[in-house]
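Shown next: structure-v1.pdb, containing PDB, C-alpha atoms and all ligand atoms.
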MODEL        1
ATOM      1  CA  MET D 495      -9.666  -9.841 -12.886  1.00  0.00           C
ATOM      2  CA  THR D 496      -8.984 -11.451  -9.551  1.00  0.00           C
ATOM      3  CA  SER D 497     -10.691 -11.197  -6.230  1.00  0.00           C
ATOM      4  CA  SER D 498     -10.031 -12.549  -2.791  1.00  0.00           C
ATOM      5  CA  THR D 499     -11.735 -12.279   0.532  1.00  0.00           C
ATOM      6  CA  THR D 500      -8.716 -12.934   2.715  1.00  0.00           C
ATOM      7  CA  LEU D 501      -6.888  -9.924   4.062  1.00  0.00           C
ATOM      8  CA  THR D 502      -3.407 -11.163   4.705  1.00  0.00           C
ATOM      9  CA  ASN D 503      -0.672 -12.703   2.665  1.00  0.00           C
ATOM     10  CA  HIS D 504      -0.527 -15.237  -0.130  1.00  0.00           C
ATOM     11  CA  SER D 505      -3.568 -13.970  -2.006  1.00  0.00           C
ATOM     12  CA  ALA D 506      -1.841 -12.615  -5.082  1.00  0.00           C
ATOM     13  CA  PRO D 507      -2.691 -14.586  -8.195  1.00  0.00           C
ATOM     14  CA  ASN D 508       0.878 -14.907  -9.401  1.00  0.00           C
ATOM     15  CA  MET D 509       2.368 -15.362  -5.993  1.00  0.00           C
ATOM     16  CA  LYS D 510       4.998 -18.060  -5.653  1.00  0.00           C
ATOM     17  CA  SER D 511       4.274 -20.514  -2.875  1.00  0.00           C
ATOM     18  CA  ASP D 512       7.630 -19.882  -1.219  1.00  0.00           C
ATOM     19  CA  ILE D 513       6.992 -16.246  -0.382  1.00  0.00           C
ATOM     20  CA  PRO D 514       7.949 -15.910   3.294  1.00  0.00           C
ATOM     21  CA  PRO D 515       5.292 -15.622   6.034  1.00  0.00           C
ATOM     22  CA  SER D 516       6.548 -12.168   7.037  1.00  0.00           C
ATOM     23  CA  VAL D 517       5.145 -10.785   3.762  1.00  0.00           C
ATOM     24  CA  PHE D 518       1.579  -9.415   3.657  1.00  0.00           C
ATOM     25  CA  THR D 519      -0.341  -8.165   0.640  1.00  0.00           C
ATOM     26  CA  LEU D 520      -3.399  -5.955   0.437  1.00  0.00           C
ATOM     27  CA  ARG D 521      -6.651  -7.730  -0.261  1.00  0.00           C
ATOM     28  CA  HIS D 522      -6.907  -8.017  -4.021  1.00  0.00           C
ATOM     29  CA  THR D 523     -10.359  -6.598  -4.555  1.00  0.00           C
ATOM     30  CA  ALA D 524     -11.616  -5.465  -7.949  1.00  0.00           C
ATOM     31  CA  GLN D 525     -11.234  -1.883  -6.733  1.00  0.00           C
ATOM     32  CA  LEU D 526      -7.583  -2.364  -5.855  1.00  0.00           C
ATOM     33  CA  GLU D 527      -6.924  -4.040  -9.170  1.00  0.00           C
ATOM     34  CA  ALA D 528      -8.565  -1.090 -10.957  1.00  0.00           C
ATOM     35  CA  LEU D 529      -6.239   1.315  -9.121  1.00  0.00           C
ATOM     36  CA  TYR D 530      -3.219  -0.740 -10.111  1.00  0.00           C
ATOM     37  CA  THR D 531      -4.428  -0.939 -13.708  1.00  0.00           C
ATOM     38  CA  ILE D 532      -4.446   2.856 -13.866  1.00  0.00           C
ATOM     39  CA  ILE D 533      -0.974   3.355 -12.423  1.00  0.00           C
ATOM     40  CA  ARG D 534       0.532   0.546 -14.522  1.00  0.00           C
ATOM     41  CA  ASP D 535      -0.857   2.000 -17.766  1.00  0.00           C
ATOM     42  CA  LYS D 536       1.927   3.831 -19.614  1.00  0.00           C
ATOM     43  CA  ASN D 537      -0.659   6.268 -21.017  1.00  0.00           C
ATOM     44  CA  THR D 538      -1.826   7.433 -17.594  1.00  0.00           C
ATOM     45  CA  SER D 539      -1.136  11.140 -17.058  1.00  0.00           C
ATOM     46  CA  ARG D 540       1.168  12.287 -14.268  1.00  0.00           C
ATOM     47  CA  GLY D 541      -1.779  13.838 -12.424  1.00  0.00           C
ATOM     48  CA  ASP D 542      -3.713  10.583 -12.452  1.00  0.00           C
ATOM     49  CA  PHE D 543      -0.605   8.612 -11.533  1.00  0.00           C
ATOM     50  CA  ILE D 544      -0.176  10.773  -8.435  1.00  0.00           C
ATOM     51  CA  PHE D 545      -3.860  10.664  -7.503  1.00  0.00           C
ATOM     52  CA  TYR D 546      -4.276   6.890  -7.838  1.00  0.00           C
ATOM     53  CA  SER D 547      -0.905   5.908  -6.395  1.00  0.00           C
ATOM     54  CA  ASP D 548      -1.784   8.111  -3.396  1.00  0.00           C
ATOM     55  CA  ARG D 549      -4.969   6.115  -2.907  1.00  0.00           C
ATOM     56  CA  ILE D 550      -2.972   2.889  -2.836  1.00  0.00           C
ATOM     57  CA  ILE D 551      -0.355   4.396  -0.510  1.00  0.00           C
ATOM     58  CA  ARG D 552      -3.047   5.309   1.960  1.00  0.00           C
ATOM     59  CA  LEU D 553      -4.376   1.746   1.980  1.00  0.00           C
ATOM     60  CA  LEU D 554      -0.850   0.438   2.472  1.00  0.00           C
ATOM     61  CA  VAL D 555      -0.175   2.748   5.407  1.00  0.00           C
ATOM     62  CA  GLU D 556      -3.428   1.676   7.074  1.00  0.00           C
ATOM     63  CA  GLU D 557      -2.494  -1.980   6.568  1.00  0.00           C
ATOM     64  CA  GLY D 558       1.012  -1.315   7.912  1.00  0.00           C
ATOM     65  CA  LEU D 559      -0.506   0.126  11.090  1.00  0.00           C
ATOM     66  CA  ASN D 560      -2.419  -3.133  11.568  1.00  0.00           C
ATOM     67  CA  HIS D 561       0.892  -4.741  12.459  1.00  0.00           C
ATOM     68  CA  LEU D 562       1.561  -2.483  15.420  1.00  0.00           C
ATOM     69  CA  PRO D 563       0.797  -3.790  18.916  1.00  0.00           C
ATOM     70  CA  VAL D 564      -2.224  -2.542  20.822  1.00  0.00           C
ATOM     71  CA  VAL D 565      -3.210  -2.638  24.485  1.00  0.00           C
ATOM     72  CA  PRO D 566      -6.721  -2.657  25.992  1.00  0.00           C
ATOM     73  CA  LYS D 567      -8.426   0.689  26.534  1.00  0.00           C
ATOM     74  CA  VAL D 568     -11.856   1.310  28.004  1.00  0.00           C
ATOM     75  CA  VAL D 569     -13.759   4.502  27.102  1.00  0.00           C
ATOM     76  CA  GLU D 570     -17.162   5.861  27.989  1.00  0.00           C
ATOM     77  CA  THR D 571     -19.382   6.694  25.014  1.00  0.00           C
ATOM     78  CA  PRO D 572     -21.887   9.620  24.902  1.00  0.00           C
ATOM     79  CA  THR D 573     -24.639   7.128  25.787  1.00  0.00           C
ATOM     80  CA  GLY D 574     -22.972   6.562  29.132  1.00  0.00           C
ATOM     81  CA  ALA D 575     -22.025   3.006  28.212  1.00  0.00           C
ATOM     82  CA  LYS D 576     -18.522   1.611  28.477  1.00  0.00           C
ATOM     83  CA  TYR D 577     -16.702   0.454  25.402  1.00  0.00           C
ATOM     84  CA  GLU D 578     -13.812  -1.967  25.778  1.00  0.00           C
ATOM     85  CA  GLY D 579     -11.476  -1.090  22.956  1.00  0.00           C
ATOM     86  CA  VAL D 580      -7.769  -0.822  22.300  1.00  0.00           C
ATOM     87  CA  ARG D 581      -5.162   1.837  21.683  1.00  0.00           C
ATOM     88  CA  PHE D 582      -1.826   1.706  19.924  1.00  0.00           C
ATOM     89  CA  GLU D 583       1.099   0.974  22.145  1.00  0.00           C
ATOM     90  CA  GLY D 584       4.362   2.707  21.401  1.00  0.00           C
ATOM     91  CA  LYS D 585       5.450   5.515  19.140  1.00  0.00           C
ATOM     92  CA  ILE D 586       6.036   5.378  15.426  1.00  0.00           C
ATOM     93  CA  CYS D 587       8.027   7.249  12.825  1.00  0.00           C
ATOM     94  CA  GLY D 588       8.477   6.980   9.076  1.00  0.00           C
ATOM     95  CA  VAL D 589      11.689   6.666   7.104  1.00  0.00           C
ATOM     96  CA  SER D 590      11.557   7.235   3.362  1.00  0.00           C
ATOM     97  CA  ILE D 591      14.151   5.970   0.918  1.00  0.00           C
ATOM     98  CA  LEU D 592      14.881   8.879  -1.428  1.00  0.00           C
ATOM     99  CA  ARG D 593      13.705   9.860  -3.856  1.00  0.00           C
ATOM    100  CA  ALA D 594      10.687   7.717  -4.660  1.00  0.00           C
ATOM    101  CA  GLY D 595       9.912   6.949  -1.013  1.00  0.00           C
ATOM    102  CA  GLU D 596       9.268  10.640  -0.396  1.00  0.00           C
ATOM    103  CA  ALA D 597       6.088  10.242  -2.418  1.00  0.00           C
ATOM    104  CA  MET D 598       4.716   8.061   0.390  1.00  0.00           C
ATOM    105  CA  GLU D 599       5.328  10.581   3.158  1.00  0.00           C
ATOM    106  CA  GLN D 600       2.104  12.516   2.632  1.00  0.00           C
ATOM    107  CA  GLY D 601       0.059   9.308   2.826  1.00  0.00           C
ATOM    108  CA  LEU D 602       1.656   8.544   6.174  1.00  0.00           C
ATOM    109  CA  ARG D 603       1.048  12.102   7.433  1.00  0.00           C
ATOM    110  CA  GLU D 604      -2.622  11.923   6.452  1.00  0.00           C
ATOM    111  CA  VAL D 605      -3.061   8.874   8.633  1.00  0.00           C
ATOM    112  CA  CYS D 606      -0.663   9.727  11.473  1.00  0.00           C
ATOM    113  CA  ARG D 607      -0.790  13.430  12.269  1.00  0.00           C
ATOM    114  CA  SER D 608       2.533  15.083  13.184  1.00  0.00           C
ATOM    115  CA  VAL D 609       4.454  11.885  12.552  1.00  0.00           C
ATOM    116  CA  ARG D 610       8.222  12.276  12.436  1.00  0.00           C
ATOM    117  CA  ILE D 611       9.763  11.211   9.145  1.00  0.00           C
ATOM    118  CA  GLY D 612      13.441  10.549   8.474  1.00  0.00           C
ATOM    119  CA  LYS D 613      15.131  10.169   5.113  1.00  0.00           C
ATOM    120  CA  ILE D 614      17.777   7.891   3.676  1.00  0.00           C
ATOM    121  CA  LEU D 615      19.524   8.284   0.330  1.00  0.00           C
ATOM    122  CA  ILE D 616      21.104   5.147  -1.076  1.00  0.00           C
ATOM    123  CA  GLN D 617      22.685   4.891  -4.477  1.00  0.00           C
ATOM    124  CA  ARG D 618      24.719   2.371  -6.351  1.00  0.00           C
ATOM    125  CA  ASP D 619      28.451   2.610  -5.650  1.00  0.00           C
ATOM    126  CA  GLU D 620      29.930   2.660  -9.135  1.00  0.00           C
ATOM    127  CA  GLU D 621      33.171   1.012  -7.930  1.00  0.00           C
ATOM    128  CA  THR D 622      31.654  -1.906  -6.049  1.00  0.00           C
ATOM    129  CA  THR D 623      28.203  -1.888  -7.771  1.00  0.00           C
ATOM    130  CA  ARG D 624      26.745  -2.345  -4.283  1.00  0.00           C
ATOM    131  CA  PRO D 625      24.158  -0.018  -2.680  1.00  0.00           C
ATOM    132  CA  LYS D 626      25.918   2.739  -0.741  1.00  0.00           C
ATOM    133  CA  LEU D 627      24.584   5.145   1.881  1.00  0.00           C
ATOM    134  CA  PHE D 628      24.920   8.766   0.721  1.00  0.00           C
ATOM    135  CA  TYR D 629      22.791  10.589   3.266  1.00  0.00           C
ATOM    136  CA  SER D 630      20.601   9.894   6.239  1.00  0.00           C
ATOM    137  CA  LYS D 631      18.635  12.054   8.630  1.00  0.00           C
ATOM    138  CA  LEU D 632      16.703  10.046  11.179  1.00  0.00           C
ATOM    139  CA  PRO D 633      14.603  11.077  14.203  1.00  0.00           C
ATOM    140  CA  GLN D 634      16.978  11.333  17.150  1.00  0.00           C
ATOM    141  CA  ASP D 635      14.841   9.001  19.299  1.00  0.00           C
ATOM    142  CA  ILE D 636      14.297   6.466  16.515  1.00  0.00           C
ATOM    143  CA  ALA D 637      15.535   3.607  18.743  1.00  0.00           C
ATOM    144  CA  GLN D 638      12.390   4.053  20.887  1.00  0.00           C
ATOM    145  CA  ARG D 639      10.014   3.968  17.917  1.00  0.00           C
ATOM    146  CA  TYR D 640       8.411   1.557  15.483  1.00  0.00           C
ATOM    147  CA  VAL D 641       9.598   2.441  12.005  1.00  0.00           C
ATOM    148  CA  LEU D 642       7.481   2.429   8.856  1.00  0.00           C
ATOM    149  CA  LEU D 643      10.042   2.180   6.060  1.00  0.00           C
ATOM    150  CA  LEU D 644       8.721   3.676   2.821  1.00  0.00           C
ATOM    151  CA  ASP D 645       9.837   2.803  -0.702  1.00  0.00           C
ATOM    152  CA  PRO D 646       7.323   2.200  -3.503  1.00  0.00           C
ATOM    153  CA  MET D 647       9.190  -0.469  -5.489  1.00  0.00           C
ATOM    154  CA  LEU D 648      10.957  -3.548  -4.079  1.00  0.00           C
ATOM    155  CA  ALA D 649      12.955  -4.853  -7.040  1.00  0.00           C
ATOM    156  CA  THR D 650      16.224  -6.597  -6.049  1.00  0.00           C
ATOM    157  CA  GLY D 651      15.883  -5.497  -2.426  1.00  0.00           C
ATOM    158  CA  GLY D 652      19.397  -3.991  -2.349  1.00  0.00           C
ATOM    159  CA  SER D 653      18.417  -0.447  -1.307  1.00  0.00           C
ATOM    160  CA  ALA D 654      15.836  -1.615   1.201  1.00  0.00           C
ATOM    161  CA  MET D 655      18.315  -3.968   2.870  1.00  0.00           C
ATOM    162  CA  LYS D 656      20.894  -1.198   3.097  1.00  0.00           C
ATOM    163  CA  ALA D 657      18.261   1.116   4.595  1.00  0.00           C
ATOM    164  CA  VAL D 658      17.344  -1.488   7.211  1.00  0.00           C
ATOM    165  CA  GLU D 659      21.039  -1.898   8.039  1.00  0.00           C
ATOM    166  CA  VAL D 660      21.289   1.861   8.670  1.00  0.00           C
ATOM    167  CA  ILE D 661      18.116   1.955  10.779  1.00  0.00           C
ATOM    168  CA  MET D 662      19.267  -1.001  12.871  1.00  0.00           C
ATOM    169  CA  GLU D 663      22.659   0.671  13.407  1.00  0.00           C
ATOM    170  CA  HIS D 664      20.650   3.458  15.050  1.00  0.00           C
ATOM    171  CA  GLY D 665      19.312   0.995  17.619  1.00  0.00           C
ATOM    172  CA  VAL D 666      15.990  -0.107  16.121  1.00  0.00           C
ATOM    173  CA  PRO D 667      15.398  -3.870  16.491  1.00  0.00           C
ATOM    174  CA  GLU D 668      14.516  -5.693  13.273  1.00  0.00           C
ATOM    175  CA  ASP D 669      11.053  -6.640  14.482  1.00  0.00           C
ATOM    176  CA  ARG D 670      10.150  -2.967  15.054  1.00  0.00           C
ATOM    177  CA  ILE D 671      10.467  -2.144  11.361  1.00  0.00           C
ATOM    178  CA  ILE D 672       7.603  -2.494   8.868  1.00  0.00           C
ATOM    179  CA  PHE D 673       8.526  -2.092   5.223  1.00  0.00           C
ATOM    180  CA  ILE D 674       5.731  -0.716   3.024  1.00  0.00           C
ATOM    181  CA  ASN D 675       5.805  -0.776  -0.780  1.00  0.00           C
ATOM    182  CA  LEU D 676       3.392  -0.716  -3.723  1.00  0.00           C
ATOM    183  CA  VAL D 677       4.899  -3.354  -6.002  1.00  0.00           C
ATOM    184  CA  SER D 678       7.474  -6.042  -5.288  1.00  0.00           C
ATOM    185  CA  SER D 679       9.269  -8.814  -7.127  1.00  0.00           C
ATOM    186  CA  PRO D 680       9.214 -12.364  -5.713  1.00  0.00           C
ATOM    187  CA  GLN D 681      13.005 -12.591  -5.788  1.00  0.00           C
ATOM    188  CA  GLY D 682      13.418  -9.227  -4.022  1.00  0.00           C
ATOM    189  CA  LEU D 683      10.948 -10.291  -1.355  1.00  0.00           C
ATOM    190  CA  ARG D 684      12.706 -13.605  -0.785  1.00  0.00           C
ATOM    191  CA  THR D 685      16.155 -12.028  -0.528  1.00  0.00           C
ATOM    192  CA  PHE D 686      14.889  -9.330   1.803  1.00  0.00           C
ATOM    193  CA  ALA D 687      12.839 -11.601   4.049  1.00  0.00           C
ATOM    194  CA  THR D 688      15.578 -14.215   4.272  1.00  0.00           C
ATOM    195  CA  ARG D 689      17.956 -11.577   5.576  1.00  0.00           C
ATOM    196  CA  TYR D 690      15.379  -9.973   7.899  1.00  0.00           C
ATOM    197  CA  PRO D 691      12.878 -12.715   8.808  1.00  0.00           C
ATOM    198  CA  SER D 692      11.198 -10.882  11.690  1.00  0.00           C
ATOM    199  CA  LEU D 693      10.672  -7.653   9.779  1.00  0.00           C
ATOM    200  CA  LYS D 694       7.160  -7.429   8.318  1.00  0.00           C
ATOM    201  CA  VAL D 695       6.713  -6.430   4.696  1.00  0.00           C
ATOM    202  CA  VAL D 696       3.408  -4.962   3.538  1.00  0.00           C
ATOM    203  CA  THR D 697       3.212  -4.903  -0.240  1.00  0.00           C
ATOM    204  CA  GLY D 698       0.306  -3.964  -2.469  1.00  0.00           C
ATOM    205  CA  TRP D 699       1.121  -6.389  -5.253  1.00  0.00           C
ATOM    206  CA  ILE D 700       3.673  -9.109  -5.946  1.00  0.00           C
ATOM    207  CA  ASP D 701       4.560  -9.069  -9.618  1.00  0.00           C
ATOM    208  CA  GLU D 702       6.074 -11.728 -11.862  1.00  0.00           C
ATOM    209  CA  GLY D 703       9.742 -10.838 -11.674  1.00  0.00           C
ATOM    210  CA  LEU D 704      12.512  -8.574 -12.916  1.00  0.00           C
ATOM    211  CA  ASN D 705      13.719  -7.760 -16.399  1.00  0.00           C
ATOM    212  CA  GLU D 706      17.375  -7.509 -17.448  1.00  0.00           C
ATOM    213  CA  ARG D 707      17.512  -3.895 -16.199  1.00  0.00           C
ATOM    214  CA  ALA D 708      16.202  -4.948 -12.775  1.00  0.00           C
ATOM    215  CA  TYR D 709      12.825  -3.297 -13.418  1.00  0.00           C
ATOM    216  CA  ILE D 710       9.804  -5.081 -12.018  1.00  0.00           C
ATOM    217  CA  VAL D 711       7.588  -6.739 -14.649  1.00  0.00           C
ATOM    218  CA  PRO D 712       4.847  -6.122 -15.504  1.00  0.00           C
ATOM    219  CA  GLY D 713       5.520  -3.316 -13.009  1.00  0.00           C
ATOM    220  CA  LEU D 714       4.791   0.322 -13.700  1.00  0.00           C
ATOM    221  CA  GLY D 715       8.135   1.630 -14.961  1.00  0.00           C
ATOM    222  CA  ASP D 716      10.235   4.091 -13.012  1.00  0.00           C
ATOM    223  CA  PHE D 717       8.051   5.241 -10.122  1.00  0.00           C
ATOM    224  CA  GLY D 718      10.100   8.394  -9.481  1.00  0.00           C
ATOM    225  CA  GLU D 719      10.025   9.429 -13.142  1.00  0.00           C
ATOM    226  CA  ARG D 720       6.297   8.930 -13.381  1.00  0.00           C
ATOM    227  CA  ARG D 721       5.614  10.763 -10.144  1.00  0.00           C
ATOM    228  CA  TYR D 722       8.015  13.697 -10.433  1.00  0.00           C
ATOM    229  CA  CYS D 723       8.624  14.265 -14.150  1.00  0.00           C
ATOM    230  CA  ALA D 724       5.956  15.696 -16.423  1.00  0.00           C
TER
HETATM  231  N1  LIG W   1      12.305   1.172  -9.258  1.00  0.00           N
HETATM  232  C1  LIG W   1      11.289   1.583 -10.051  1.00  0.00           C
HETATM  233  O1  LIG W   1      10.916   2.745 -10.038  1.00  0.00           O
HETATM  234  N2  LIG W   1      10.704   0.684 -10.851  1.00  0.00           N
HETATM  235  C2  LIG W   1      11.077  -0.621 -10.911  1.00  0.00           C
HETATM  236  O2  LIG W   1      10.489  -1.398 -11.660  1.00  0.00           O
HETATM  237  C3  LIG W   1      12.148  -1.025 -10.079  1.00  0.00           C
HETATM  238  C4  LIG W   1      12.736  -0.116  -9.259  1.00  0.00           C
ENDMDL
END
What does this structure look like when you write it as structure tokens?
Amino acid sequence: MTSSTTLTNHSAPNMKSDIPPSVFTLRHTAQLEALYTIIRDKNTSRGDFIFYSDRIIRLLVEEGLNHLPVVPKVVETPTGAKYEGVRFEGKICGVSILRAGEAMEQGLREVCRSVRIGKILIQRDEETTRPKLFYSKLPQDIAQRYVLLLDPMLATGGSAMKAVEVIMEHGVPEDRIIFINLVSSPQGLRTFATRYPSLKVVTGWIDEGLNERAYIVPGLGDFGERRYCA
């Protein structure tokens, strides 16, 4: 069991010291570790996997929103007093990487009502073995928005980097994209953050590494299978 009182990055127990500063993890409380223990357990039922991964997704979305800029806003409270607060500046949208990223859409909608969400499908090109774009449908005004990019597992980083390439081709600057995922590998994070140093990554947990099939270890297996297949 691990615990930490710091909110930002570099608190994971197995975190390598050279994880880039653009990477942020959730605070590793006992509660968060208990949620991860449930979703990592191969004997967890599909229903519980959905329920507990949704709880983590919600925390991740809230943490992702912490990286958006705010401007001062003064309101009057029912007591007649003034409160000097803030409000979010700018508009946001989500983009999910199909199919597993779709599982994070509801968590984003619960936190940001009526949020627009685009979709990107990337698969391995069997000829080149490189990630290839198969489909994308993005909000038409995406260039004016901050983008929360959703994909639960950051393994090699290949799909996520391709997705960022597509989003940037639609006019979104790198530093307006926040990539949110549940579990990441140190090597995937390094590759990704080296290519896109001003893009913030919010990850729930940084695991030990990848196995020979490019699955994250200890990981949780195939997120899409566990979420969508009984
Ligand atoms: N995608 C998954 O679903 N799991 C992994 O471990 C890696 C990529």
Box time for range 669-678 of chain D: axis-aligned, enclosing all its listed atoms, 3 Å extra on each side; report centre and edge lengths in Å to one decimal, as lines of an AutoDock Vina configuration file.
center_x = 7.2
center_y = -3.7
center_z = 4.5
size_x = 13.7
size_y = 11.9
size_z = 27.1
Can you list what the PyMOL selection byres (((chain D and resi 671-675) around 10) and not hetatm) grabs from this structure, as a PDB file with C-alpha atoms, keeping the file's coordinate frame?
ATOM      1  CA  SER D 516       6.548 -12.168   7.037  1.00  0.00           C
ATOM      2  CA  VAL D 517       5.145 -10.785   3.762  1.00  0.00           C
ATOM      3  CA  PHE D 518       1.579  -9.415   3.657  1.00  0.00           C
ATOM      4  CA  THR D 519      -0.341  -8.165   0.640  1.00  0.00           C
ATOM      5  CA  ILE D 550      -2.972   2.889  -2.836  1.00  0.00           C
ATOM      6  CA  ILE D 551      -0.355   4.396  -0.510  1.00  0.00           C
ATOM      7  CA  LEU D 554      -0.850   0.438   2.472  1.00  0.00           C
ATOM      8  CA  VAL D 555      -0.175   2.748   5.407  1.00  0.00           C
ATOM      9  CA  GLU D 557      -2.494  -1.980   6.568  1.00  0.00           C
ATOM     10  CA  GLY D 558       1.012  -1.315   7.912  1.00  0.00           C
ATOM     11  CA  LEU D 559      -0.506   0.126  11.090  1.00  0.00           C
ATOM     12  CA  HIS D 561       0.892  -4.741  12.459  1.00  0.00           C
ATOM     13  CA  LEU D 562       1.561  -2.483  15.420  1.00  0.00           C
ATOM     14  CA  ILE D 586       6.036   5.378  15.426  1.00  0.00           C
ATOM     15  CA  CYS D 587       8.027   7.249  12.825  1.00  0.00           C
ATOM     16  CA  GLY D 588       8.477   6.980   9.076  1.00  0.00           C
ATOM     17  CA  VAL D 589      11.689   6.666   7.104  1.00  0.00           C
ATOM     18  CA  SER D 590      11.557   7.235   3.362  1.00  0.00           C
ATOM     19  CA  GLY D 595       9.912   6.949  -1.013  1.00  0.00           C
ATOM     20  CA  MET D 598       4.716   8.061   0.390  1.00  0.00           C
ATOM     21  CA  ARG D 639      10.014   3.968  17.917  1.00  0.00           C
ATOM     22  CA  TYR D 640       8.411   1.557  15.483  1.00  0.00           C
ATOM     23  CA  VAL D 641       9.598   2.441  12.005  1.00  0.00           C
ATOM     24  CA  LEU D 642       7.481   2.429   8.856  1.00  0.00           C
ATOM     25  CA  LEU D 643      10.042   2.180   6.060  1.00  0.00           C
ATOM     26  CA  LEU D 644       8.721   3.676   2.821  1.00  0.00           C
ATOM     27  CA  ASP D 645       9.837   2.803  -0.702  1.00  0.00           C
ATOM     28  CA  PRO D 646       7.323   2.200  -3.503  1.00  0.00           C
ATOM     29  CA  MET D 647       9.190  -0.469  -5.489  1.00  0.00           C
ATOM     30  CA  LEU D 648      10.957  -3.548  -4.079  1.00  0.00           C
ATOM     31  CA  ALA D 654      15.836  -1.615   1.201  1.00  0.00           C
ATOM     32  CA  VAL D 658      17.344  -1.488   7.211  1.00  0.00           C
ATOM     33  CA  ILE D 661      18.116   1.955  10.779  1.00  0.00           C
ATOM     34  CA  MET D 662      19.267  -1.001  12.871  1.00  0.00           C
ATOM     35  CA  VAL D 666      15.990  -0.107  16.121  1.00  0.00           C
ATOM     36  CA  PRO D 667      15.398  -3.870  16.491  1.00  0.00           C
ATOM     37  CA  GLU D 668      14.516  -5.693  13.273  1.00  0.00           C
ATOM     38  CA  ASP D 669      11.053  -6.640  14.482  1.00  0.00           C
ATOM     39  CA  ARG D 670      10.150  -2.967  15.054  1.00  0.00           C
ATOM     40  CA  LEU D 676       3.392  -0.716  -3.723  1.00  0.00           C
ATOM     41  CA  VAL D 677       4.899  -3.354  -6.002  1.00  0.00           C
ATOM     42  CA  SER D 678       7.474  -6.042  -5.288  1.00  0.00           C
ATOM     43  CA  TYR D 690      15.379  -9.973   7.899  1.00  0.00           C
ATOM     44  CA  SER D 692      11.198 -10.882  11.690  1.00  0.00           C
ATOM     45  CA  LEU D 693      10.672  -7.653   9.779  1.00  0.00           C
ATOM     46  CA  LYS D 694       7.160  -7.429   8.318  1.00  0.00           C
ATOM     47  CA  VAL D 695       6.713  -6.430   4.696  1.00  0.00           C
ATOM     48  CA  VAL D 696       3.408  -4.962   3.538  1.00  0.00           C
ATOM     49  CA  THR D 697       3.212  -4.903  -0.240  1.00  0.00           C
ATOM     50  CA  GLY D 698       0.306  -3.964  -2.469  1.00  0.00           C
ATOM     51  CA  TRP D 699       1.121  -6.389  -5.253  1.00  0.00           C
TER      52      TRP D 699
END
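Here the PyMOL selection byres (((not hetatm)) within 7 of (chain W and resi 1)) matches the residues Met647, Leu648, Ala649, Ala708, Tyr709, Ile710, Val711, Gly713, Leu714, Gly715, Asp716, Phe717 and Gly718 of chain D.
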For Arg684 in chain D: contacts at 12 Å, all atoms listed in the file, fewer than 3 positions along chain excluded, given as a PDB file with C-alpha atoms, keeping the file's coordinate frame:
ATOM      1  CA  MET D 509       2.368 -15.362  -5.993  1.00  0.00           C
ATOM      2  CA  LYS D 510       4.998 -18.060  -5.653  1.00  0.00           C
ATOM      3  CA  SER D 511       4.274 -20.514  -2.875  1.00  0.00           C
ATOM      4  CA  ASP D 512       7.630 -19.882  -1.219  1.00  0.00           C
ATOM      5  CA  ILE D 513       6.992 -16.246  -0.382  1.00  0.00           C
ATOM      6  CA  PRO D 514       7.949 -15.910   3.294  1.00  0.00           C
ATOM      7  CA  PRO D 515       5.292 -15.622   6.034  1.00  0.00           C
ATOM      8  CA  SER D 516       6.548 -12.168   7.037  1.00  0.00           C
ATOM      9  CA  VAL D 517       5.145 -10.785   3.762  1.00  0.00           C
ATOM     10  CA  LEU D 648      10.957  -3.548  -4.079  1.00  0.00           C
ATOM     11  CA  ALA D 649      12.955  -4.853  -7.040  1.00  0.00           C
ATOM     12  CA  THR D 650      16.224  -6.597  -6.049  1.00  0.00           C
ATOM     13  CA  GLY D 651      15.883  -5.497  -2.426  1.00  0.00           C
ATOM     14  CA  GLY D 652      19.397  -3.991  -2.349  1.00  0.00           C
ATOM     15  CA  MET D 655      18.315  -3.968   2.870  1.00  0.00           C
ATOM     16  CA  SER D 678       7.474  -6.042  -5.288  1.00  0.00           C
ATOM     17  CA  SER D 679       9.269  -8.814  -7.127  1.00  0.00           C
ATOM     18  CA  PRO D 680       9.214 -12.364  -5.713  1.00  0.00           C
ATOM     19  CA  GLN D 681      13.005 -12.591  -5.788  1.00  0.00           C
ATOM     20  CA  ALA D 687      12.839 -11.601   4.049  1.00  0.00           C
ATOM     21  CA  THR D 688      15.578 -14.215   4.272  1.00  0.00           C
ATOM     22  CA  ARG D 689      17.956 -11.577   5.576  1.00  0.00           C
ATOM     23  CA  TYR D 690      15.379  -9.973   7.899  1.00  0.00           C
ATOM     24  CA  PRO D 691      12.878 -12.715   8.808  1.00  0.00           C
ATOM     25  CA  VAL D 695       6.713  -6.430   4.696  1.00  0.00           C
ATOM     26  CA  ILE D 700       3.673  -9.109  -5.946  1.00  0.00           C
ATOM     27  CA  GLY D 703       9.742 -10.838 -11.674  1.00  0.00           C
TER      28      GLY D 703
END
Next item on the list: Evaluate the PyMOL selection byres (((chain D and resi 634) around 12) and not hetatm) on the structure here and hand back the selected residues as a VMD selection string.
Entry: chain D and resid 587 610 to 612 630 to 633 635 to 639 661 664 to 666
Next item on the list: Counting all atoms listed in the file, find the residues whose atoms lie at most 12 Å from (-3.7, -2.1, -12.5) (file coordinates) and write them out as a VMD selection string.
Entry: chain D and resid 495 to 496 522 to 536 538 543 546 to 547 550 676 to 677 698 to 699 701 712 to 714
Checklist line | Among listed residues D:Val609, D:Leu520, D:Ala657, D:Leu704, nearest Phe686 in chain D (using all atoms listed in the file) | finding: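 Closest to Phe686 in chain D, using all atoms listed in the file: D:Ala657.
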Next item on the list: Tell me which protein, DNA and RNA residues are within 8 Å of range 573-583 of chain D, counting only C-alpha atoms, leaving out same-chain ones fewer than 3 positions away, and put them as a PyMOL selection string.
Entry: chain D and resi 562-570
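If you look at CA of Phe545 in chain D and CA of Ala597 in chain D, they are 11.2 Å away from each other.
Picture a line from CA of Lys585 in chain D to CA of Glu599 in chain D; it runs 16.8 Å.
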